[in-house]
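A.B. asks: I'm passing along final_6.txt; it holds compact mmCIF, C-alpha atoms (C1' of nucleotides).
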# COMPACT_ATOMS: atom_id res chain seq x y z
CA MET U 1 1.77 -25.86 -11.44
CA SER U 2 3.96 -26.50 -8.48
CA LEU U 3 3.84 -22.99 -7.10
CA PRO U 4 1.05 -21.93 -4.75
CA HIS U 5 -1.82 -20.16 -6.50
CA PRO U 6 -5.11 -19.11 -4.94
CA THR U 7 -8.20 -20.80 -6.34
CA ALA U 8 -10.54 -18.59 -8.35
CA ASP U 9 -12.86 -17.91 -5.44
CA GLN U 10 -9.99 -17.09 -3.13
CA ILE U 11 -9.16 -14.10 -5.29
CA SER U 12 -10.11 -10.96 -3.42
CA LEU U 13 -11.15 -7.76 -5.12
CA ALA U 14 -9.47 -5.45 -2.65
CA ASN U 15 -6.25 -7.41 -2.94
CA VAL U 16 -6.34 -7.42 -6.72
CA LEU U 17 -6.81 -3.66 -6.72
CA ALA U 18 -4.07 -3.13 -4.15
CA VAL U 19 -1.64 -5.29 -6.09
CA LEU U 20 -2.43 -3.51 -9.36
CA GLY U 21 -2.16 -0.15 -7.67
CA ASP U 22 1.55 -0.12 -8.29
CA GLN U 23 3.24 1.18 -11.44
CA THR U 24 5.60 -1.73 -11.82
CA ARG U 25 2.96 -4.40 -11.47
CA LEU U 26 0.51 -2.49 -13.61
CA ALA U 27 3.15 -2.29 -16.33
CA ILE U 28 3.78 -6.03 -16.07
CA VAL U 29 0.08 -6.79 -16.39
CA GLY U 30 -0.25 -4.41 -19.32
CA TYR U 31 2.58 -6.20 -21.03
CA LEU U 32 1.05 -9.60 -20.35
CA ALA U 33 -2.29 -8.40 -21.69
CA ARG U 34 -0.75 -7.08 -24.88
CA ASN U 35 0.92 -10.42 -25.39
CA GLU U 36 -1.84 -12.67 -24.24
CA GLY U 37 -1.42 -16.25 -25.31
CA VAL U 38 2.33 -15.90 -25.25
CA ALA U 39 3.75 -17.06 -21.94
CA MET U 40 6.37 -14.69 -20.62
CA SER U 41 9.37 -15.46 -18.46
CA CYS U 42 10.49 -13.29 -15.56
CA GLY U 43 13.43 -12.04 -17.55
CA GLN U 44 11.11 -10.21 -19.95
CA PHE U 45 10.43 -7.69 -17.25
CA LEU U 46 13.97 -6.81 -16.29
CA GLU U 47 13.58 -3.28 -17.58
CA PHE U 48 11.05 -2.71 -14.82
CA GLY U 49 13.41 -3.48 -11.99
CA SER U 50 16.15 -5.65 -10.60
CA LYS U 51 15.89 -9.41 -10.75
CA THR U 52 15.27 -9.58 -7.03
CA ASN U 53 12.67 -6.88 -7.07
CA LEU U 54 10.84 -8.48 -9.97
CA SER U 55 10.79 -11.75 -8.12
CA TYR U 56 8.97 -9.90 -5.37
CA HIS U 57 6.46 -8.19 -7.66
CA LEU U 58 5.78 -11.31 -9.70
CA ALA U 59 5.13 -13.26 -6.51
CA LYS U 60 2.64 -10.59 -5.46
CA LEU U 61 0.82 -10.92 -8.76
CA ARG U 62 0.71 -14.70 -8.47
CA GLU U 63 -0.40 -14.67 -4.83
CA ALA U 64 -3.19 -12.24 -5.67
CA GLY U 65 -4.43 -14.63 -8.34
CA ILE U 66 -3.72 -12.23 -11.17
CA THR U 67 -1.09 -14.35 -12.88
CA SER U 68 -0.32 -18.01 -13.18
CA THR U 69 3.27 -19.15 -13.02
CA GLU U 70 4.38 -22.51 -14.26
CA MET U 71 7.83 -23.96 -14.05
CA SER U 72 9.43 -24.79 -17.32
CA GLY U 73 12.94 -26.02 -16.99
CA THR U 74 15.10 -23.30 -15.62
CA SER U 75 12.59 -20.56 -16.29
CA ARG U 76 9.01 -19.80 -15.38
CA LEU U 77 6.16 -19.10 -17.68
CA ILE U 78 3.85 -16.37 -16.58
CA THR U 79 0.36 -15.83 -17.94
CA LEU U 80 -2.61 -13.70 -16.98
CA ARG U 81 -5.39 -15.61 -15.24
CA ARG U 82 -7.79 -14.00 -17.68
CA SER U 83 -10.71 -16.44 -17.44
CA ASP U 84 -10.63 -16.65 -13.65
CA LEU U 85 -10.48 -12.88 -13.35
CA ASP U 86 -13.22 -12.36 -15.92
CA ARG U 87 -15.50 -14.83 -14.20
CA ARG U 88 -14.84 -13.38 -10.80
CA PHE U 89 -14.81 -9.67 -11.68
CA PRO U 90 -16.47 -9.18 -15.08
CA GLY U 91 -15.04 -6.30 -17.04
CA LEU U 92 -12.44 -5.37 -14.49
CA LEU U 93 -9.32 -6.59 -16.23
CA ASP U 94 -10.38 -5.19 -19.58
CA SER U 95 -11.11 -1.76 -18.20
CA ILE U 96 -7.79 -1.68 -16.37
CA VAL U 97 -5.77 -2.89 -19.31
CA THR U 98 -7.49 -0.46 -21.65
CA ALA U 99 -6.87 2.45 -19.31
CA ALA U 100 -3.29 1.34 -18.73
CA ARG U 101 -2.60 1.65 -22.44
CA ASP U 102 -2.35 5.42 -22.01
CA ILE U 103 0.27 5.28 -19.32
CA PRO U 104 3.62 6.72 -20.54
CA GLN U 105 5.67 3.91 -19.06
CA LEU U 106 3.66 1.44 -21.07
CA GLU U 107 3.92 3.44 -24.26
CA ARG U 108 7.65 3.17 -24.04
CA LEU U 109 7.46 -0.54 -23.53
CA ARG U 110 5.18 -1.07 -26.49
CA GLU U 111 7.56 0.66 -28.88
CA GLU U 112 10.39 -1.57 -27.82
CA SER U 113 8.52 -4.80 -28.38
CA MET J 114 -15.80 23.27 -3.89
CA SER J 115 -13.24 24.82 -1.64
CA LEU J 116 -11.27 21.67 -1.04
CA PRO J 117 -8.50 20.62 -3.42
CA HIS J 118 -9.57 18.10 -6.03
CA PRO J 119 -7.51 16.82 -8.95
CA THR J 120 -8.82 17.68 -12.39
CA ALA J 121 -10.15 14.78 -14.43
CA ASP J 122 -6.94 14.28 -16.35
CA GLN J 123 -4.85 14.38 -13.22
CA ILE J 124 -6.56 11.22 -12.02
CA SER J 125 -4.07 8.38 -12.22
CA LEU J 126 -5.09 4.79 -12.78
CA ALA J 127 -2.45 3.29 -10.52
CA ASN J 128 -3.42 5.68 -7.76
CA VAL J 129 -7.13 4.96 -8.14
CA LEU J 130 -6.43 1.24 -7.91
CA ALA J 131 -4.13 1.68 -4.93
CA VAL J 132 -6.66 3.81 -3.11
CA LEU J 133 -9.47 1.35 -3.79
CA GLY J 134 -7.27 -1.55 -2.77
CA ASP J 135 -8.28 -1.06 0.82
CA GLN J 136 -11.32 -2.64 2.45
CA THR J 137 -12.45 0.51 4.20
CA ARG J 138 -12.29 2.72 1.15
CA LEU J 139 -13.77 0.07 -1.06
CA ALA J 140 -16.69 -0.21 1.34
CA ILE J 141 -17.15 3.56 1.30
CA VAL J 142 -17.19 3.63 -2.48
CA GLY J 143 -19.61 0.71 -2.60
CA TYR J 144 -21.90 2.59 -0.29
CA LEU J 145 -21.65 5.76 -2.36
CA ALA J 146 -22.39 3.79 -5.52
CA ARG J 147 -25.46 2.17 -4.03
CA ASN J 148 -26.71 5.59 -3.03
CA GLU J 149 -25.68 7.51 -6.06
CA GLY J 150 -27.36 10.86 -6.40
CA VAL J 151 -27.66 11.17 -2.64
CA ALA J 152 -24.77 13.14 -1.22
CA MET J 153 -23.35 11.54 1.90
CA SER J 154 -21.70 13.18 4.86
CA CYS J 155 -18.62 11.81 6.58
CA GLY J 156 -20.66 10.70 9.53
CA GLN J 157 -22.45 8.10 7.43
CA PHE J 158 -19.30 6.05 7.43
CA LEU J 159 -18.60 5.98 11.13
CA GLU J 160 -19.21 2.26 11.30
CA PHE J 161 -16.14 1.79 9.14
CA GLY J 162 -13.75 3.46 11.52
CA SER J 163 -13.08 6.27 13.91
CA LYS J 164 -13.83 9.84 12.96
CA THR J 165 -10.15 10.61 12.61
CA ASN J 166 -9.46 7.56 10.53
CA LEU J 167 -12.38 8.28 8.23
CA SER J 168 -11.12 11.77 7.73
CA TYR J 169 -7.91 10.20 6.50
CA HIS J 170 -9.59 7.70 4.18
CA LEU J 171 -12.04 10.23 2.77
CA ALA J 172 -9.18 12.60 2.02
CA LYS J 173 -7.42 9.79 0.17
CA LEU J 174 -10.50 9.19 -1.94
CA ARG J 175 -10.85 12.87 -2.71
CA GLU J 176 -7.17 13.34 -3.52
CA ALA J 177 -7.25 10.37 -5.86
CA GLY J 178 -10.15 11.96 -7.71
CA ILE J 179 -12.59 9.24 -6.80
CA THR J 180 -14.91 11.41 -4.76
CA SER J 181 -15.91 15.02 -4.69
CA THR J 182 -16.34 16.76 -1.37
CA GLU J 183 -18.26 19.96 -0.97
CA MET J 184 -18.67 21.97 2.16
CA SER J 185 -22.21 22.43 3.33
CA GLY J 186 -22.51 24.24 6.59
CA THR J 187 -20.93 22.20 9.30
CA SER J 188 -20.82 19.02 7.27
CA ARG J 189 -19.41 17.90 3.96
CA LEU J 190 -21.23 16.31 1.10
CA ILE J 191 -19.43 13.48 -0.58
CA THR J 192 -20.28 12.13 -4.00
CA LEU J 193 -18.65 9.76 -6.46
CA ARG J 194 -16.98 11.47 -9.40
CA ARG J 195 -18.82 9.07 -11.63
CA SER J 196 -18.67 10.96 -14.91
CA ASP J 197 -15.01 11.89 -14.59
CA LEU J 198 -14.09 8.33 -13.73
CA ASP J 199 -16.22 6.88 -16.51
CA ARG J 200 -14.71 9.20 -19.07
CA ARG J 201 -11.21 8.56 -17.86
CA PHE J 202 -11.45 4.82 -17.22
CA PRO J 203 -14.49 3.42 -19.03
CA GLY J 204 -16.09 0.49 -17.26
CA LEU J 205 -13.72 0.52 -14.33
CA LEU J 206 -15.97 1.90 -11.65
CA ASP J 207 -18.90 -0.26 -12.68
CA SER J 208 -16.89 -3.45 -12.64
CA ILE J 209 -15.46 -2.63 -9.25
CA VAL J 210 -18.76 -1.66 -7.71
CA THR J 211 -20.45 -4.74 -9.14
CA ALA J 212 -17.73 -7.01 -7.80
CA ALA J 213 -17.75 -5.23 -4.47
CA ARG J 214 -21.38 -6.10 -4.03
CA ASP J 215 -20.34 -9.62 -3.08
CA ILE J 216 -18.01 -8.56 -0.33
CA PRO J 217 -19.31 -9.64 3.12
CA GLN J 218 -18.56 -6.32 4.76
CA LEU J 219 -20.78 -4.61 2.25
CA GLU J 220 -23.57 -7.12 2.68
CA ARG J 221 -23.74 -6.19 6.32
CA LEU J 222 -23.89 -2.53 5.48
CA ARG J 223 -26.67 -2.97 2.99
CA GLU J 224 -28.90 -4.73 5.49
CA GLU J 225 -28.53 -1.93 7.95
CA SER J 226 -29.52 0.79 5.58
C1' DT Q 227 -23.31 34.21 23.32
C1' DC Q 228 -22.53 29.48 24.39
C1' DC Q 229 -22.89 24.89 23.32
C1' DT Q 230 -23.22 21.21 20.13
C1' DT Q 231 -22.30 19.16 15.88
C1' DT Q 232 -19.16 17.96 12.18
C1' DG Q 233 -15.04 17.25 10.84
C1' DT Q 234 -9.90 18.65 10.60
C1' DT Q 235 -4.87 18.82 11.78
C1' DC Q 236 -0.88 17.34 14.10
C1' DA Q 237 2.55 14.31 15.92
C1' DA Q 238 3.52 9.79 17.43
C1' DA Q 239 3.30 4.96 17.05
C1' DA Q 240 2.29 0.82 14.61
C1' DT Q 241 2.16 -1.68 10.51
C1' DT Q 242 2.94 -2.85 5.90
C1' DT Q 243 5.48 -2.52 1.55
C1' DA Q 244 9.22 -2.00 -1.39
C1' DT Q 245 14.13 -2.31 -2.44
C1' DT Q 246 18.79 -4.11 -2.06
C1' DG Q 247 22.80 -7.34 -2.06
C1' DA Q 248 24.61 -11.73 -0.90
C1' DA Q 249 24.03 -16.41 -0.94
C1' DC Q 250 21.56 -20.15 -2.76
C1' DT Q 251 18.82 -23.85 -5.79
C1' DA Q 252 17.69 -26.15 -9.88
C1' DT Q 253 18.01 -27.05 -14.71
C1' DT Q 254 20.33 -27.10 -19.03
C1' DG Q 255 24.02 -27.44 -22.25
C1' DA Q 256 28.94 -28.14 -23.33
C1' DT F 257 31.14 -33.03 -14.56
C1' DC F 258 31.31 -28.05 -14.84
C1' DA F 259 29.77 -23.78 -15.85
C1' DA F 260 26.10 -20.82 -17.19
C1' DT F 261 21.33 -19.49 -16.88
C1' DA F 262 17.01 -18.29 -14.46
C1' DG F 263 15.18 -17.16 -10.64
C1' DT F 264 14.57 -17.57 -5.40
C1' DT F 265 15.27 -16.72 -0.41
C1' DC F 266 16.89 -14.25 3.41
C1' DA F 267 17.90 -10.42 6.32
C1' DA F 268 18.41 -5.67 6.50
C1' DT F 269 17.01 -1.28 5.32
C1' DA F 270 14.20 2.28 3.53
C1' DA F 271 9.97 4.25 2.78
C1' DA F 272 5.16 4.67 2.72
C1' DT F 273 0.71 3.82 4.88
C1' DT F 274 -2.54 3.28 8.74
C1' DT F 275 -4.19 4.17 13.12
C1' DT F 276 -4.69 6.80 17.40
C1' DG F 277 -5.64 10.54 20.67
C1' DA F 278 -5.45 15.29 21.79
C1' DA F 279 -6.28 19.72 20.40
C1' DC F 280 -8.43 22.65 17.17
C1' DA F 281 -11.87 25.29 13.85
C1' DA F 282 -16.11 26.64 11.85
C1' DA F 283 -21.11 26.67 11.41
C1' DG F 284 -25.73 26.35 13.45
C1' DG F 285 -29.17 26.37 16.90
C1' DA F 286 -30.91 27.52 21.71
The structure given in the file should be rewritten as structure tokens.

C.D. replies:
Amino acid sequence: MSLPHPTADQISLANVLAVLGDQTRLAIVGYLARNEGVAMSCGQFLEFGSKTNLSYHLAKLREAGITSTEMSGTSRLITLRRSDLDRRFPGLLDSIVTAARDIPQLERLREES
Amino acid sequence: MSLPHPTADQISLANVLAVLGDQTRLAIVGYLARNEGVAMSCGQFLEFGSKTNLSYHLAKLREAGITSTEMSGTSRLITLRRSDLDRRFPGLLDSIVTAARDIPQLERLREES
DNA sequence: TCCTTTGTTCAAAATTTATTGAACTATTGA
DNA sequence: TCAATAGTTCAATAAATTTTGAACAAAGGA
């Protein structure tokens, strides 16, 4: 991990909610949750926006402590910080991901994968 | 209920998260949750901001479907839409309210009540 | 009726967020 | 080494959100 990540106790609830209160980022997190264990690269999310815009949203997710981003050669591997989030805010991620499953935009994504 | 409220299925997850991703509104919801069953008036929240500003934040909460506001004489009674939220997003409100209990700003509020 | 209480609406200003394109860095493979 | 790949940074713009004060409205009590 060479990129700046907040430590588990630096993760703020209000910030996590604010960052997830955006369709694009919510869709990204839903996708990560449905593919947990599999590290995703930024390119996986190109259907959600331009490369530049994704860079912005993915940085927001990382800075909020929601995702972890590790460099791997020329790409970056993104994973959900599941255990940190669960320890810090029990039940929150699960309830969000479950509820996000019903969002149209995510339905579409699931069919394609 | 003479004020406009969204119906249960008009409540959007992203919007709920966005609206709760704000310290002031999160504090208000934490307060409502700790006093569930007791309807609160807008004035109860004056320590969180100016009257005008609270009017804005409380409208946001109502429009997002998080609270219900009923007119009662010269004041308004505000309650959490607990059952609608629980049905729509199981576990979400509880996990948020539980996590919000550890937020400093809310600690202060609890002592004063 | 008049005053007080409770809270709103409006418009302006301040602040924050999101989106874009151009230029750039770093790594990998040929 | 050279070109392609993956993604970033920067500056500018666009858009949405917050905050404020002044003026307003409606109900209740003296």

A.B. asks: Which polymer residues have any atom within 9 Å of an atom of region 231-242 of chain Q, counting all atoms listed in the file, with same-chain residues fewer than 6 positions away left out, as an NGL selection string?

C.D. replies: (:J and (155-156 or 164-165 or 168 or 187-189)) or (:F and (272-276 or 279-281 or 283-284))

A.B. asks: Any idea what's packed within 10 Å of region 25-35 of chain U, counting all atoms listed in the file, ignoring anything in its chain fewer than 2 positions away? Could you give it as an mmCIF file with C-alpha atoms, in the frame of the given file?

C.D. replies:
data_model
loop_
_atom_site.group_PDB
_atom_site.id
_atom_site.type_symbol
_atom_site.label_atom_id
_atom_site.label_comp_id
_atom_site.auth_asym_id
_atom_site.auth_seq_id
_atom_site.Cartn_x
_atom_site.Cartn_y
_atom_site.Cartn_z
ATOM 1 C CA VAL U 19 -1.640 -5.290 -6.090
ATOM 2 C CA LEU U 20 -2.430 -3.510 -9.360
ATOM 3 C CA GLY U 21 -2.160 -0.150 -7.670
ATOM 4 C CA ASP U 22 1.550 -0.120 -8.290
ATOM 5 C CA GLN U 23 3.240 1.180 -11.440
ATOM 6 C CA GLY U 37 -1.420 -16.250 -25.310
ATOM 7 C CA VAL U 38 2.330 -15.900 -25.250
ATOM 8 C CA ALA U 39 3.750 -17.060 -21.940
ATOM 9 C CA MET U 40 6.370 -14.690 -20.620
ATOM 10 C CA CYS U 42 10.490 -13.290 -15.560
ATOM 11 C CA GLN U 44 11.110 -10.210 -19.950
ATOM 12 C CA PHE U 45 10.430 -7.690 -17.250
ATOM 13 C CA PHE U 48 11.050 -2.710 -14.820
ATOM 14 C CA LEU U 54 10.840 -8.480 -9.970
ATOM 15 C CA HIS U 57 6.460 -8.190 -7.660
ATOM 16 C CA LEU U 58 5.780 -11.310 -9.700
ATOM 17 C CA LYS U 60 2.640 -10.590 -5.460
ATOM 18 C CA LEU U 61 0.820 -10.920 -8.760
ATOM 19 C CA ILE U 66 -3.720 -12.230 -11.170
ATOM 20 C CA THR U 67 -1.090 -14.350 -12.880
ATOM 21 C CA ILE U 78 3.850 -16.370 -16.580
ATOM 22 C CA THR U 79 0.360 -15.830 -17.940
ATOM 23 C CA LEU U 80 -2.610 -13.700 -16.980
ATOM 24 C CA ARG U 82 -7.790 -14.000 -17.680
ATOM 25 C CA LEU U 93 -9.320 -6.590 -16.230
ATOM 26 C CA ASP U 94 -10.380 -5.190 -19.580
ATOM 27 C CA ILE U 96 -7.790 -1.680 -16.370
ATOM 28 C CA VAL U 97 -5.770 -2.890 -19.310
ATOM 29 C CA THR U 98 -7.490 -0.460 -21.650
ATOM 30 C CA ALA U 99 -6.870 2.450 -19.310
ATOM 31 C CA ALA U 100 -3.290 1.340 -18.730
ATOM 32 C CA ARG U 101 -2.600 1.650 -22.440
ATOM 33 C CA ILE U 103 0.270 5.280 -19.320
ATOM 34 C CA PRO U 104 3.620 6.720 -20.540
ATOM 35 C CA GLN U 105 5.670 3.910 -19.060
ATOM 36 C CA LEU U 106 3.660 1.440 -21.070
ATOM 37 C CA GLU U 107 3.920 3.440 -24.260
ATOM 38 C CA LEU U 109 7.460 -0.540 -23.530
ATOM 39 C CA ARG U 110 5.180 -1.070 -26.490
ATOM 40 C CA SER U 113 8.520 -4.800 -28.380
ATOM 41 C CA LEU J 126 -5.090 4.790 -12.780
ATOM 42 C CA ALA J 127 -2.450 3.290 -10.520
ATOM 43 C CA LEU J 130 -6.430 1.240 -7.910
#

A.B. asks: Work out how far apart C1' of DA270 (chain F) and CA of Thr24 (chain U) are and give it in Å to one decimal.

C.D. replies: 18.0 Å

A.B. asks: In Å, with one decimal, what is the gap from CA of Ser95 (chain U) to CA of Pro203 (chain J)?

C.D. replies: 6.2 Å

A.B. asks: I'd like the interatomic distance between CA of Arg175 (chain J) and CA of Asp122 (chain J), to a tenth of an Å.

C.D. replies: 14.3 Å

A.B. asks: Measuring atom to atom with all atoms listed in the file, identify which of J:Asn166, J:Gly178, J:Glu149, J:Val129 is nearest to chain F.

C.D. replies: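 Between J:Asn166, J:Gly178, J:Glu149, J:Val129, the residue approaching chain F most closely is J:Asn166.
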
A.B. asks: Could you build a table of the residues in chain F lying no more than 8 Å from chain U, giving for each the nearest pair of atoms and their separation in Å rounded to one decimal place, using only C-alpha atoms (C1' of nucleotides), ordered by chain and ascending residue number, as a tab-separated table?

C.D. replies:
residue	atom	partner	partner_atom	distance
F:DT261	C1'	U:Thr74	CA	7.4
F:DA262	C1'	U:Ser75	CA	5.3
F:DG263	C1'	U:Ser75	CA	7.1
F:DT264	C1'	U:Ser55	CA	7.5

A.B. asks: Set the cut-off to 8 Å and count only C-alpha atoms (C1' of nucleotides): what are the residues of chain Q that reach chain U? Output as an MDAnalysis selection string.

C.D. replies: chainID Q and resid 245 252:254

A.B. asks: Could you write out that same residue set with C-alpha atoms (C1' of nucleotides) as an mmCIF file, in the coordinates of the input?

C.D. replies:
data_model
loop_
_atom_site.group_PDB
_atom_site.id
_atom_site.type_symbol
_atom_site.label_atom_id
_atom_site.label_comp_id
_atom_site.auth_asym_id
_atom_site.auth_seq_id
_atom_site.Cartn_x
_atom_site.Cartn_y
_atom_site.Cartn_z
ATOM 1 C "C1'" DT Q 245 14.130 -2.310 -2.440
ATOM 2 C "C1'" DA Q 252 17.690 -26.150 -9.880
ATOM 3 C "C1'" DT Q 253 18.010 -27.050 -14.710
ATOM 4 C "C1'" DT Q 254 20.330 -27.100 -19.030
#

A.B. asks: Restricting the calculation to only C-alpha atoms, which member of U:Glu63, U:Ile11, U:Arg81, U:Leu46 is positioned closest to chain J?

C.D. replies: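 Among the listed residues, the smallest separation from chain J belongs to U:Ile11.
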
A.B. asks: So, with only C-alpha atoms as the atoms that count, which of U:Thr7, U:Thr69, U:Ser12, U:Ser83 lies closest to chain J?

C.D. replies: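 Result for the nearest residue to chain J: U:Ser12.
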